[in-house]
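Notes follow the structure.
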Amino acid sequence: MPNILVVIDPDESEHSALNRIKEIPPTADVDYTVVLYMSAEPAMAGKADTAALKARKDAKIAWLQDLVAPLKAVGYRIHAETVIFDRLYEEIIKTAQAIKADFILKPLRQHSILKRVFYTSTDWNLIRLCPTPLIMVSDQPAIHGKAIVASIDVCDGDKAHKDLNTVVMDQATRLARVLNAPIHLIYAYSRLIIANPVPSADPLAYQIMRDKYASEHAAVMAVATLYDIHEDHVHMREGAPDDVVTAYAEEVDAGVVVLGTVARAGASGLFMGNTAESIVEKTKKDVFVVKQAGFTTPV
């Protein structure tokens, strides 16, 4: 049976991640672990401090139990708990691994331009380091029946990209069944490739571009055929992937954007740039991030 970790933000008034499970029938064979993460207190010593920490945790779990009680009353199988953290993203990953979660539902958080450059958020760390499929929940009131936009990358055509595309499409298909939603396939191709070019002075360069476009179009259509996606729901658009995917999701009023990502390390990981991170900062939709099978987290 599926096991879903739901992350609660105590500062939220609507509790978007918890509300999202209402789109799954209470009769579904799903277990939910709803966790309120508490920031670590300064180092404590003595019985008085231990008692104060216990009282704080007891108060939080009582609040959390009251929050999930209406869902439990109608049949959702929910276990609620509190977890103390130093680094939030690490504790979320550890919890997901401990309960063998199939998915994580977490409220999506967006940041100012300044923070995008100098600050690595919990969401970005989860995008890079979390091996469990991660659904970052937007402020949309409901997503049932809305289009699911699956973003794939056929540019290189190597095995790694093909495997990641398979994970994206398999998870999009699984989600589409739960939400009774259509899947739309989107691929952002490079500006170096032109769909309707004017022949240049260099016929060879022109032919290379045309052949590359044709090859990528064939690869996209092969994915669509494999997953029985109608050609009207298959699109190739020129531009940066984050801009293309975000714009298309708005155009079709999507509920969820599904995309694959890989971890970035070193200097390239210090600044905003990953497609998934860029989409998270720009979109008003839920974002479902998956990784290639076999990814191992350093956490």
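Labels used: A, B, ... for chains in the order of the structure tokens, numbers from 1 for residues in each chain, and numbers from 1 for ligands as shown.
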
- Task: Please identify all polymer residues within 6 Å of Ala147 (chain A), counting only C-alpha atoms, omitting same-chain residues fewer than 5 positions from it, and present them as a VMD selection string.
- Result: chain A and resid 181 to 183 254 to 255

- Which distance in Å separates CA of His144 (chain A) and CA of Val6 (chain A), to one decimal?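 Taking CA of His144 (chain A) and CA of Val6 (chain A), their separation equals 18.1 Å.
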
- Query: For Pro25 (chain A), which residue out of A:Ala219, A:Ile127, A:Leu179, A:Leu105 is the nearest one, using only C-alpha atoms?
  - Reply: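 So, comparing all the options, the nearest one is A:Leu179.
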
- Message: When DSSP is applied to the backbone of this structure, which of region 127-172 of chain A are assigned helix (DSSP H, G or I)? Write them out as a VMD selection string.
- Response: chain A and resid 127 to 129 159 to 172

- May I have the residues within 7 Å of region 233-238 of chain A as a ChimeraX atom specification, using only C-alpha atoms and disregarding those fewer than 5 positions away in the same chain? /A:184-191,244

- Query: Expressed in Å to a single decimal, how great is the separation between CA of Leu18 (chain A) and CA of Pro107 (chain A)?
  - Reply: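 It comes out at 8.9 Å.
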
- Distance query Gln292 (chain A) at most 10 Å, only C-alpha atoms, self and fewer than 3 positions along chain excluded, as a PyMOL selection string: chain A and resi 131+160-168+260-262+295-296

Go ahead and write the residues just picked, N, CA and C atoms, as a PDB file, in the first residue's frame.
```pdb
ATOM      1  N   PRO A 131      15.801  11.473  -2.355  1.00  0.00           N
ATOM      2  CA  PRO A 131      15.556  10.393  -3.308  1.00  0.00           C
ATOM      3  C   PRO A 131      14.076  10.039  -3.461  1.00  0.00           C
ATOM      4  N   ALA A 160      20.906   7.715 -19.590  1.00  0.00           N
ATOM      5  CA  ALA A 160      20.527   8.391 -18.354  1.00  0.00           C
ATOM      6  C   ALA A 160      19.284   9.255 -18.550  1.00  0.00           C
ATOM      7  N   HIS A 161      19.255  10.021 -19.650  1.00  0.00           N
ATOM      8  CA  HIS A 161      18.089  10.863 -19.910  1.00  0.00           C
ATOM      9  C   HIS A 161      16.858  10.018 -20.227  1.00  0.00           C
ATOM     10  N   LYS A 162      17.043   8.934 -20.976  1.00  0.00           N
ATOM     11  CA  LYS A 162      15.915   8.058 -21.288  1.00  0.00           C
ATOM     12  C   LYS A 162      15.341   7.436 -20.026  1.00  0.00           C
ATOM     13  N   ASP A 163      16.228   7.012 -19.120  1.00  0.00           N
ATOM     14  CA  ASP A 163      15.761   6.421 -17.865  1.00  0.00           C
ATOM     15  C   ASP A 163      14.995   7.444 -17.032  1.00  0.00           C
ATOM     16  N   LEU A 164      15.504   8.682 -16.985  1.00  0.00           N
ATOM     17  CA  LEU A 164      14.830   9.724 -16.219  1.00  0.00           C
ATOM     18  C   LEU A 164      13.483  10.062 -16.847  1.00  0.00           C
ATOM     19  N   ASN A 165      13.417  10.109 -18.177  1.00  0.00           N
ATOM     20  CA  ASN A 165      12.135  10.343 -18.854  1.00  0.00           C
ATOM     21  C   ASN A 165      11.129   9.250 -18.500  1.00  0.00           C
ATOM     22  N   THR A 166      11.606   8.016 -18.387  1.00  0.00           N
ATOM     23  CA  THR A 166      10.721   6.907 -18.028  1.00  0.00           C
ATOM     24  C   THR A 166      10.149   7.103 -16.635  1.00  0.00           C
ATOM     25  N   VAL A 167      10.996   7.538 -15.693  1.00  0.00           N
ATOM     26  CA  VAL A 167      10.516   7.790 -14.330  1.00  0.00           C
ATOM     27  C   VAL A 167       9.481   8.909 -14.338  1.00  0.00           C
ATOM     28  N   VAL A 168       9.750   9.993 -15.076  1.00  0.00           N
ATOM     29  CA  VAL A 168       8.805  11.108 -15.170  1.00  0.00           C
ATOM     30  C   VAL A 168       7.455  10.628 -15.704  1.00  0.00           C
ATOM     31  N   GLY A 260      11.892  15.666 -14.035  1.00  0.00           N
ATOM     32  CA  GLY A 260      12.999  14.945 -13.446  1.00  0.00           C
ATOM     33  C   GLY A 260      14.164  15.871 -13.208  1.00  0.00           C
ATOM     34  N   THR A 261      14.997  15.535 -12.243  1.00  0.00           N
ATOM     35  CA  THR A 261      16.146  16.382 -11.944  1.00  0.00           C
ATOM     36  C   THR A 261      17.288  15.530 -11.431  1.00  0.00           C
ATOM     37  N   VAL A 262      18.478  16.094 -11.513  1.00  0.00           N
ATOM     38  CA  VAL A 262      19.659  15.455 -10.950  1.00  0.00           C
ATOM     39  C   VAL A 262      20.296  16.436  -9.976  1.00  0.00           C
ATOM     40  N   PHE A 295      19.277   6.724  -7.476  1.00  0.00           N
ATOM     41  CA  PHE A 295      19.900   7.895  -6.868  1.00  0.00           C
ATOM     42  C   PHE A 295      20.110   7.657  -5.369  1.00  0.00           C
ATOM     43  N   THR A 296      21.286   7.967  -4.881  1.00  0.00           N
ATOM     44  CA  THR A 296      21.617   7.810  -3.465  1.00  0.00           C
ATOM     45  C   THR A 296      21.865   9.173  -2.848  1.00  0.00           C
TER      46      THR A 296
END
```
